[in-house]
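A quick write-up on the structure given underneath.
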Amino acid sequence: MKKAAIVFIFLCLPGAFSTANAQVKPAYNLESAHLAQRWDEAMPLGNGMLGALIWEKQGRLRLSLDRADLWDERQALDLSKFNFKDVQRWVAQKKYDSAHRLGDDPYHAPYPTKLPVAAMEFQIERLGTVVSNVLDIQTALNTVKFSSGATFASYIAATQNVGYFSFSHLPVLKDDEIVKVLSPELIVHKFADTLKTSTNGGISPGSVQLLGYKNGVVTRNGNTISYKQPTYAHHYFEIKIQWKKLPDNSIIGSWVIENDKAAVLPVLNNNLQSTADWQAHIQWWTGFWAKSSVSLPDSIIARQYYLDMYKLGAVARSNTPAITLQAVWTADNGNLPPWKGDFHNDLNTQLSYWPTYTGNHLDLAVGYINWLWNMRAANKQYTKQYFGVEGLNVPGTATLHGSPMGGWIQYSLSPTVVAWCAQHFYWQWKYSMDDNFLKTKAYTYIHEAATYLEHISQVKNGVRVLPLSSSPEFNDNNINAWFPQWTNFDLGLAKFLFTAAAEVAAAGNNKNEASHWQKILSELPAYDVNKTGLTVAPGQDLTESHRHMSPYMAVYPLALLDDNKQEDAAIIHQSLQQIEKNGTREWCGYSFSWMACLYARAHEADKAVKQLDIFATNFCSVNSFHLNGDQKGGEYSNFTYRPFTLEGNFAFMQGVHELLLQSRMGYIEVFPAVPDSWKDVSFQDLRAEGAFVISAKKENGKMQSVKITAEKDGLLKIKLPFKKWAAGAMASSSFKTGSDGITVMMLKKGQQLLIENTDK
């Protein structure tokens, strides 16, 4: 084989390669000439712990306030009444009523649940009509301008749990009217003191009154408001608001929410930009946007991407709870949040963190890692109690502190949830190559998960099997959702987990353990495949439209099948053809985001982009929130409802990343799925497995260059987007390009490598 001519240019200066401006374009901001009339169309602010939604309700400017760790964790599910062996018996006997009664019905109790908090409102009728309402996503500042010239502004400090607001330019109001007219009012939920069980007290389904709390008392003292709301078992939360009038007749104020402790307000300065937290806030967001950037020719996809990236910065931190269904934007409609606002570990939490790895936000990804790590003790107890074996599994639906909540038990108490969670420990290690993280967390978590899965499975006739298997949410909550043989969903997760366990053991020089996991892996059967591609399970093809892409986990996110391998490519494309045959009528918004990733992995660029476009235009609110249902009356889906959840937004971001850069089976592929119609596209500082940070650009329809920065010593395996490279600086003996087009070389920590296309 004739080698391609190559030049490798080593760079010493940061910024020597530039593909995309890290500054966020104003066109990506949320902007309108009015205030939203619904909470799920509001301007969202957040810092991972606190959140606010800014909109208008009944003629007043309203801030819906939220805090991520406010939960009612009273248990409705009682696992002392049944376990996994009972479920196996019920399925064998075809008597499943007990599963519904003991496992599913408790999920319909009002608790455990994420708690909605309160709202703050302002009278604005004296300020005139709204002429401009802008959320500047670069600075996370919302500014509302009125026809009178008055301006409202608000932000939540990025590094402190406090929110700020101000009104300025108020010539329409007299000096003695300003505080009277514009002082805030705290709007709290009306919790019921008692419940009349015979009539349910006349309480509407889903109402917060079902929780049965005593109502707290709002106390107004001068320019402050305090509110303490008792919840359950002596728990409570406290809200405080303050404001003051400044010499220039403007108003500045702040608010805080605390959980189980007294709220303390910060000292107020003379304007928002002089508050003690503003500079740190700007510094945090500047650093956030500098991590990576993309430049896309499709304005719809580009804008949705940056709005979703903003949301990621608003809901994720290393020291806050993991991203739940709605994170810090719990529904403000007087009801409990959809699906309890819980931690859905059978899809939602995992998808929410997909973009953090390629997007070069490992500091935010670790929030999910830390939450899972902190839940280990509770999860191991759950594993022992319900599954009866040692090791670690995770509930598919969980409370703030990791307790199982029940629901459809095929998924809420699934035997393989932990394998999907473990992938995030694996990714955190592979994208960072952090030896300390490997030793202190990744190895331990993956080892405990693999130990559990080894014990819960058994070998029959030389083949390892699960007692029961399922595929979310095939056959919903029917007894037929259980399969006696591996579903491809569970099998893919098992193959991934034992592969990862062997790899982390080998990386820690535990050779015997690595061999053990390899042996366990070899006992697993092959994927069930026929002319439809990957099936749901042996004897069960996917013959209908279905919202979950669960049967295709091996393609993405597990990346166990590779389109660059001929034998895998046939399976992948047969599977995609079957999905297309079934259509999208039963899809939710996140289905399109996930499908974009699958198409990108199959190098079907135009189809991947089409999925992203459908998601952005049909399944998102005007403020870019993913609303699950088709908001254009069912153009693509029979689901036309609008419960807001975040996983679709963040999976969309990863769909964009998958067009540009992929880590697959030990090597990196640059621009694997960029449409030919995208003549100019680039990205800067996306991250690949192996701790390589990569930038690349395409101009005027031609691939130009790729820059690679090695954060660690390591072997680079890369498939480049061009065939001819200029001859030059690096000796050909330093690299090797195989017949598969993958170039291999060793890089040292800190090395920067520029590869340029000469086929122009």
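Ligands are numbered from 1 in the order shown, chains are lettered A, B, ... in the order of the structure tokens, and residues start at 1 in each chain.
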
Contacts of Asp332 (chain A) at 10 Å (only C-alpha atoms; same-chain gap of 3+ positions) as a PDB file with all heavy atoms, in the first residue's frame:
```pdb
ATOM      1  N   ARG A  38     -46.611  31.549  29.415  1.00  0.00           N
ATOM      2  CA  ARG A  38     -46.591  30.219  30.020  1.00  0.00           C
ATOM      3  C   ARG A  38     -45.238  29.998  30.676  1.00  0.00           C
ATOM      4  O   ARG A  38     -44.212  30.499  30.190  1.00  0.00           O
ATOM      5  CB  ARG A  38     -46.794  29.121  28.969  1.00  0.00           C
ATOM      6  CG  ARG A  38     -48.082  29.163  28.183  1.00  0.00           C
ATOM      7  CD  ARG A  38     -48.060  28.059  27.123  1.00  0.00           C
ATOM      8  NE  ARG A  38     -47.819  26.759  27.746  1.00  0.00           N
ATOM      9  CZ  ARG A  38     -48.763  25.830  27.914  1.00  0.00           C
ATOM     10  NH1 ARG A  38     -50.002  26.069  27.512  1.00  0.00           N
ATOM     11  NH2 ARG A  38     -48.480  24.672  28.484  1.00  0.00           N
ATOM     12  N   TRP A  39     -45.224  29.188  31.737  1.00  0.00           N
ATOM     13  CA  TRP A  39     -43.967  28.919  32.427  1.00  0.00           C
ATOM     14  C   TRP A  39     -42.986  28.148  31.545  1.00  0.00           C
ATOM     15  O   TRP A  39     -41.770  28.346  31.644  1.00  0.00           O
ATOM     16  CB  TRP A  39     -44.218  28.151  33.727  1.00  0.00           C
ATOM     17  CG  TRP A  39     -44.653  26.714  33.518  1.00  0.00           C
ATOM     18  CD1 TRP A  39     -45.929  26.260  33.428  1.00  0.00           C
ATOM     19  CD2 TRP A  39     -43.798  25.582  33.362  1.00  0.00           C
ATOM     20  NE1 TRP A  39     -45.932  24.904  33.221  1.00  0.00           N
ATOM     21  CE2 TRP A  39     -44.637  24.456  33.186  1.00  0.00           C
ATOM     22  CE3 TRP A  39     -42.415  25.401  33.366  1.00  0.00           C
ATOM     23  CZ2 TRP A  39     -44.141  23.167  32.998  1.00  0.00           C
ATOM     24  CZ3 TRP A  39     -41.907  24.118  33.180  1.00  0.00           C
ATOM     25  CH2 TRP A  39     -42.774  23.021  32.998  1.00  0.00           C
ATOM     26  N   ASP A  40     -43.493  27.263  30.664  1.00  0.00           N
ATOM     27  CA  ASP A  40     -42.589  26.462  29.841  1.00  0.00           C
ATOM     28  C   ASP A  40     -42.155  27.179  28.563  1.00  0.00           C
ATOM     29  O   ASP A  40     -41.537  26.584  27.681  1.00  0.00           O
ATOM     30  CB  ASP A  40     -43.195  25.094  29.519  1.00  0.00           C
ATOM     31  CG  ASP A  40     -44.532  25.168  28.809  1.00  0.00           C
ATOM     32  OD1 ASP A  40     -44.941  26.271  28.407  1.00  0.00           O
ATOM     33  OD2 ASP A  40     -45.181  24.101  28.659  1.00  0.00           O
ATOM     34  N   LEU A  53     -37.609  30.974  36.283  1.00  0.00           N
ATOM     35  CA  LEU A  53     -38.252  31.128  34.985  1.00  0.00           C
ATOM     36  C   LEU A  53     -38.957  32.475  34.986  1.00  0.00           C
ATOM     37  O   LEU A  53     -39.774  32.751  35.864  1.00  0.00           O
ATOM     38  CB  LEU A  53     -39.259  30.007  34.747  1.00  0.00           C
ATOM     39  CG  LEU A  53     -38.688  28.596  34.653  1.00  0.00           C
ATOM     40  CD1 LEU A  53     -39.807  27.560  34.712  1.00  0.00           C
ATOM     41  CD2 LEU A  53     -37.882  28.431  33.369  1.00  0.00           C
ATOM     42  N   LEU A  63     -41.312  35.505  38.465  1.00  0.00           N
ATOM     43  CA  LEU A  63     -40.129  34.659  38.527  1.00  0.00           C
ATOM     44  C   LEU A  63     -40.508  33.381  39.277  1.00  0.00           C
ATOM     45  O   LEU A  63     -40.764  33.411  40.483  1.00  0.00           O
ATOM     46  CB  LEU A  63     -38.969  35.344  39.259  1.00  0.00           C
ATOM     47  CG  LEU A  63     -38.095  36.319  38.460  1.00  0.00           C
ATOM     48  CD1 LEU A  63     -38.882  37.585  38.134  1.00  0.00           C
ATOM     49  CD2 LEU A  63     -36.828  36.649  39.227  1.00  0.00           C
ATOM     50  N   SER A  64     -40.595  32.278  38.559  1.00  0.00           N
ATOM     51  CA  SER A  64     -40.829  30.981  39.201  1.00  0.00           C
ATOM     52  C   SER A  64     -39.507  30.512  39.788  1.00  0.00           C
ATOM     53  O   SER A  64     -38.535  30.322  39.070  1.00  0.00           O
ATOM     54  CB  SER A  64     -41.339  29.964  38.174  1.00  0.00           C
ATOM     55  OG  SER A  64     -42.492  30.436  37.520  1.00  0.00           O
ATOM     56  N   LEU A  65     -39.465  30.326  41.100  1.00  0.00           N
ATOM     57  CA  LEU A  65     -38.223  30.036  41.811  1.00  0.00           C
ATOM     58  C   LEU A  65     -38.110  28.541  42.106  1.00  0.00           C
ATOM     59  O   LEU A  65     -39.096  27.879  42.422  1.00  0.00           O
ATOM     60  CB  LEU A  65     -38.169  30.824  43.120  1.00  0.00           C
ATOM     61  CG  LEU A  65     -38.424  32.332  43.017  1.00  0.00           C
ATOM     62  CD1 LEU A  65     -38.334  32.976  44.397  1.00  0.00           C
ATOM     63  CD2 LEU A  65     -37.472  32.993  42.040  1.00  0.00           C
ATOM     64  N   ASP A  66     -36.887  28.036  42.063  1.00  0.00           N
ATOM     65  CA  ASP A  66     -36.697  26.599  42.264  1.00  0.00           C
ATOM     66  C   ASP A  66     -35.343  26.332  42.899  1.00  0.00           C
ATOM     67  O   ASP A  66     -34.408  27.144  42.796  1.00  0.00           O
ATOM     68  CB  ASP A  66     -36.800  25.873  40.920  1.00  0.00           C
ATOM     69  CG  ASP A  66     -37.070  24.375  41.070  1.00  0.00           C
ATOM     70  OD1 ASP A  66     -37.360  23.921  42.197  1.00  0.00           O
ATOM     71  OD2 ASP A  66     -37.003  23.664  40.059  1.00  0.00           O
ATOM     72  N   PRO A 116     -42.064  21.611  43.913  1.00  0.00           N
ATOM     73  CA  PRO A 116     -42.086  22.988  43.407  1.00  0.00           C
ATOM     74  C   PRO A 116     -41.911  23.940  44.588  1.00  0.00           C
ATOM     75  O   PRO A 116     -42.218  23.584  45.727  1.00  0.00           O
ATOM     76  CB  PRO A 116     -43.478  23.103  42.774  1.00  0.00           C
ATOM     77  CG  PRO A 116     -44.302  22.103  43.508  1.00  0.00           C
ATOM     78  CD  PRO A 116     -43.379  20.972  43.891  1.00  0.00           C
ATOM     79  N   VAL A 117     -41.447  25.140  44.351  1.00  0.00           N
ATOM     80  CA  VAL A 117     -41.051  26.009  45.466  1.00  0.00           C
ATOM     81  C   VAL A 117     -41.998  27.190  45.638  1.00  0.00           C
ATOM     82  O   VAL A 117     -42.865  27.186  46.511  1.00  0.00           O
ATOM     83  CB  VAL A 117     -39.590  26.488  45.285  1.00  0.00           C
ATOM     84  CG1 VAL A 117     -39.160  27.351  46.465  1.00  0.00           C
ATOM     85  CG2 VAL A 117     -38.661  25.279  45.169  1.00  0.00           C
ATOM     86  N   ALA A 118     -41.880  28.202  44.822  1.00  0.00           N
ATOM     87  CA  ALA A 118     -42.672  29.425  44.987  1.00  0.00           C
ATOM     88  C   ALA A 118     -42.413  30.317  43.784  1.00  0.00           C
ATOM     89  O   ALA A 118     -41.694  29.936  42.846  1.00  0.00           O
ATOM     90  CB  ALA A 118     -42.290  30.148  46.286  1.00  0.00           C
ATOM     91  N   ALA A 119     -42.975  31.518  43.822  1.00  0.00           N
ATOM     92  CA  ALA A 119     -42.746  32.491  42.761  1.00  0.00           C
ATOM     93  C   ALA A 119     -42.686  33.889  43.351  1.00  0.00           C
ATOM     94  O   ALA A 119     -43.215  34.156  44.434  1.00  0.00           O
ATOM     95  CB  ALA A 119     -43.842  32.409  41.700  1.00  0.00           C
ATOM     96  N   HIS A 189     -47.246  28.216  47.291  1.00  0.00           N
ATOM     97  CA  HIS A 189     -48.234  27.182  47.026  1.00  0.00           C
ATOM     98  C   HIS A 189     -49.148  26.997  48.235  1.00  0.00           C
ATOM     99  O   HIS A 189     -48.715  27.145  49.380  1.00  0.00           O
ATOM    100  CB  HIS A 189     -47.545  25.867  46.681  1.00  0.00           C
ATOM    101  CG  HIS A 189     -46.786  25.908  45.398  1.00  0.00           C
ATOM    102  ND1 HIS A 189     -47.405  25.955  44.166  1.00  0.00           N
ATOM    103  CD2 HIS A 189     -45.452  25.923  45.151  1.00  0.00           C
ATOM    104  CE1 HIS A 189     -46.491  25.991  43.217  1.00  0.00           C
ATOM    105  NE2 HIS A 189     -45.301  25.974  43.786  1.00  0.00           N
ATOM    106  N   TRP A 329     -35.953  23.803  36.920  1.00  0.00           N
ATOM    107  CA  TRP A 329     -37.097  24.487  36.321  1.00  0.00           C
ATOM    108  C   TRP A 329     -38.351  23.640  36.484  1.00  0.00           C
ATOM    109  O   TRP A 329     -39.052  23.317  35.522  1.00  0.00           O
ATOM    110  CB  TRP A 329     -36.803  24.795  34.854  1.00  0.00           C
ATOM    111  CG  TRP A 329     -35.613  25.694  34.686  1.00  0.00           C
ATOM    112  CD1 TRP A 329     -35.361  26.859  35.345  1.00  0.00           C
ATOM    113  CD2 TRP A 329     -34.488  25.481  33.808  1.00  0.00           C
ATOM    114  NE1 TRP A 329     -34.172  27.408  34.931  1.00  0.00           N
ATOM    115  CE2 TRP A 329     -33.606  26.585  33.993  1.00  0.00           C
ATOM    116  CE3 TRP A 329     -34.149  24.495  32.887  1.00  0.00           C
ATOM    117  CZ2 TRP A 329     -32.404  26.696  33.289  1.00  0.00           C
ATOM    118  CZ3 TRP A 329     -32.954  24.613  32.188  1.00  0.00           C
ATOM    119  CH2 TRP A 329     -32.093  25.709  32.386  1.00  0.00           C
ATOM    120  N   ASN A 335     -49.121  22.103  40.364  1.00  0.00           N
ATOM    121  CA  ASN A 335     -49.132  20.651  40.466  1.00  0.00           C
ATOM    122  C   ASN A 335     -47.744  20.106  40.775  1.00  0.00           C
ATOM    123  O   ASN A 335     -46.730  20.821  40.674  1.00  0.00           O
ATOM    124  CB  ASN A 335     -49.625  20.027  39.161  1.00  0.00           C
ATOM    125  CG  ASN A 335     -51.101  20.267  38.925  1.00  0.00           C
ATOM    126  OD1 ASN A 335     -51.873  20.395  39.873  1.00  0.00           O
ATOM    127  ND2 ASN A 335     -51.496  20.332  37.669  1.00  0.00           N
ATOM    128  N   LEU A 336     -47.712  18.842  41.120  1.00  0.00           N
ATOM    129  CA  LEU A 336     -46.443  18.142  41.230  1.00  0.00           C
ATOM    130  C   LEU A 336     -45.850  18.001  39.830  1.00  0.00           C
ATOM    131  O   LEU A 336     -46.580  17.955  38.835  1.00  0.00           O
ATOM    132  CB  LEU A 336     -46.664  16.762  41.855  1.00  0.00           C
ATOM    133  CG  LEU A 336     -47.285  16.765  43.255  1.00  0.00           C
ATOM    134  CD1 LEU A 336     -47.604  15.348  43.700  1.00  0.00           C
ATOM    135  CD2 LEU A 336     -46.356  17.441  44.252  1.00  0.00           C
ATOM    136  N   PRO A 337     -44.543  17.934  39.711  1.00  0.00           N
ATOM    137  CA  PRO A 337     -43.924  17.899  38.379  1.00  0.00           C
ATOM    138  C   PRO A 337     -44.207  16.592  37.646  1.00  0.00           C
ATOM    139  O   PRO A 337     -44.483  15.561  38.273  1.00  0.00           O
ATOM    140  CB  PRO A 337     -42.432  18.046  38.685  1.00  0.00           C
ATOM    141  CG  PRO A 337     -42.279  17.602  40.097  1.00  0.00           C
ATOM    142  CD  PRO A 337     -43.547  17.970  40.794  1.00  0.00           C
TER     143      PRO A 337
END
```

Handout entry: Non-local contacts of region 627-636 of chain A (8 Å; only C-alpha atoms; under 3 positions in same chain excluded) as an MDAnalysis selection string
Key = chainID A and resid 584:585 588:590 618:621 639:645 648

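For the atom pair formed by CA of Ala450 (chain A) and CA of Ala398 (chain A), the distance is 20.6 Å, given to one decimal.
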
Practice task
Go through region 51-94 of chain A and collect every residue that DSSP, computed from the backbone, puts in strand (DSSP E); the answer should be as a PyMOL selection string.
Solution key: chain A and resi 51-57+60-67+71-72

Selected residues, C-alpha atoms, written as a JSON list (two decimals), in the first residue's frame, please.
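Listed below is the output, selection39.json:
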```
[["chain", "number", "residue", "atom", "x", "y", "z"],
["A", 51, "GLY", "CA", -33.33, 28.19, 39.05],
["A", 52, "ALA", "CA", -35.79, 30.81, 37.86],
["A", 53, "LEU", "CA", -38.25, 31.13, 34.99],
["A", 54, "ILE", "CA", -39.17, 34.68, 33.98],
["A", 55, "TRP", "CA", -42.60, 35.18, 32.40],
["A", 56, "GLU", "CA", -45.91, 37.02, 32.80],
["A", 57, "LYS", "CA", -48.92, 35.75, 34.71],
["A", 60, "ARG", "CA", -47.55, 40.58, 36.48],
["A", 61, "LEU", "CA", -43.89, 39.86, 35.84],
["A", 62, "ARG", "CA", -43.29, 36.48, 37.49],
["A", 63, "LEU", "CA", -40.13, 34.66, 38.53],
["A", 64, "SER", "CA", -40.83, 30.98, 39.20],
["A", 65, "LEU", "CA", -38.22, 30.04, 41.81],
["A", 66, "ASP", "CA", -36.70, 26.60, 42.26],
["A", 67, "ARG", "CA", -33.99, 24.71, 44.13],
["A", 71, "TRP", "CA", -37.57, 16.84, 47.80],
["A", 72, "ASP", "CA", -40.19, 14.93, 49.70]]
```

Exercise for the section: Considering only C-alpha atoms, return as a VMD selection string whatever protein or nucleic-acid residues lie within 9 Å of Glu699 (chain A), sequence-local ones (same chain, fewer than 4 positions apart) excluded. Expected result: chain A and resid 679 to 682 703 to 704

Save the residues we just selected, N, CA and C atoms, as a PDB file, in the first residue's frame?
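The resulting file, result-v7.pdb, is shown below:
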```pdb
ATOM      1  N   LYS A 679     -20.737  23.438   3.376  1.00  0.00           N
ATOM      2  CA  LYS A 679     -19.466  23.827   2.758  1.00  0.00           C
ATOM      3  C   LYS A 679     -18.480  24.400   3.773  1.00  0.00           C
ATOM      4  N   ASP A 680     -19.001  25.088   4.777  1.00  0.00           N
ATOM      5  CA  ASP A 680     -18.144  25.692   5.795  1.00  0.00           C
ATOM      6  C   ASP A 680     -18.610  25.228   7.169  1.00  0.00           C
ATOM      7  N   VAL A 681     -17.787  24.472   7.853  1.00  0.00           N
ATOM      8  CA  VAL A 681     -18.120  23.956   9.179  1.00  0.00           C
ATOM      9  C   VAL A 681     -16.822  23.753   9.944  1.00  0.00           C
ATOM     10  N   SER A 682     -16.852  24.029  11.216  1.00  0.00           N
ATOM     11  CA  SER A 682     -15.638  23.876  12.019  1.00  0.00           C
ATOM     12  C   SER A 682     -16.007  23.649  13.472  1.00  0.00           C
ATOM     13  N   MET A 703     -12.047  19.960   3.150  1.00  0.00           N
ATOM     14  CA  MET A 703     -11.464  19.763   4.458  1.00  0.00           C
ATOM     15  C   MET A 703     -10.096  20.449   4.497  1.00  0.00           C
ATOM     16  N   GLN A 704      -9.832  21.215   5.546  1.00  0.00           N
ATOM     17  CA  GLN A 704      -8.620  22.014   5.606  1.00  0.00           C
ATOM     18  C   GLN A 704      -7.557  21.425   6.535  1.00  0.00           C
TER      19      GLN A 704
END
```

Counting only C-alpha atoms, which residues of region 379-442 of chain A sit at most 12 Å from some atom of region 546-559 of chain A, and what is each one's closest atom pair with its distance in Å to one decimal, listed by chain and rising residue number, as a Markdown table?
```
| residue | atom | partner | partner_atom | distance |
| --- | --- | --- | --- | --- |
| A:Tyr411 | CA | A:Ser550 | CA | 11.6 |
| A:Ala419 | CA | A:Leu558 | CA | 10.3 |
| A:Trp420 | CA | A:Leu558 | CA | 8.7 |
| A:Cys421 | CA | A:Leu558 | CA | 11.6 |
| A:Ala422 | CA | A:Leu558 | CA | 11.1 |
| A:Gln423 | CA | A:Leu558 | CA | 8.0 |
| A:His424 | CA | A:Pro557 | CA | 10.6 |
| A:Tyr426 | CA | A:Leu558 | CA | 10.9 |
| A:Trp427 | CA | A:Leu558 | CA | 10.5 |
```

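Going from CA of Tyr236 (chain A) to CA of Ser352 (chain A) covers 28.9 Å.
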
Fill in the blank from the handout: Closest of A:Lys717, A:His401, A:Lys214, A:Arg601 to Asp740 (chain A), counting only C-alpha atoms, is A:Lys717

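For the choices A:Ala673, A:Gly666, A:Leu468, A:Phe650, the atom-to-atom distance to Lys607 (chain A) is smallest for A:Ala673 when using only C-alpha atoms.
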
Exercise for the section: Can you pull out every residue within 6 Å of region 366-369 of chain A, counting only C-alpha atoms, but drop anything in the same chain fewer than 5 positions away, and send it as number ranges by chain? Expected result: A: 317-318, 322

Practice task
Check region 149-260 of chain A with DSSP on the backbone and list each residue it calls alpha helix (DSSP H), as an NGL selection string.
Solution key: :A and (178-182)

Could you please take those selected residues and save C-alpha atoms as a short mmCIF file (atom, residue, chain, number, x, y, z; two decimals), in the first residue's frame?
```
data_model
loop_
_atom_site.label_atom_id
_atom_site.label_comp_id
_atom_site.auth_asym_id
_atom_site.auth_seq_id
_atom_site.Cartn_x
_atom_site.Cartn_y
_atom_site.Cartn_z
CA ILE A 178 -41.17 53.37 43.29
CA VAL A 179 -40.92 51.02 46.25
CA LYS A 180 -44.68 50.83 46.67
CA VAL A 181 -45.27 49.85 43.03
CA LEU A 182 -42.23 47.68 42.36
#
```

Exercise for the section: Pick out the closest residue to Leu102 (chain A) from this set: A:Trp587, A:Trp408, A:Asn638, A:Thr358. Count only C-alpha atoms. Expected result: A:Trp408

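Going from CA of Ala605 (chain A) to CA of Pro675 (chain A) covers 5.1 Å.
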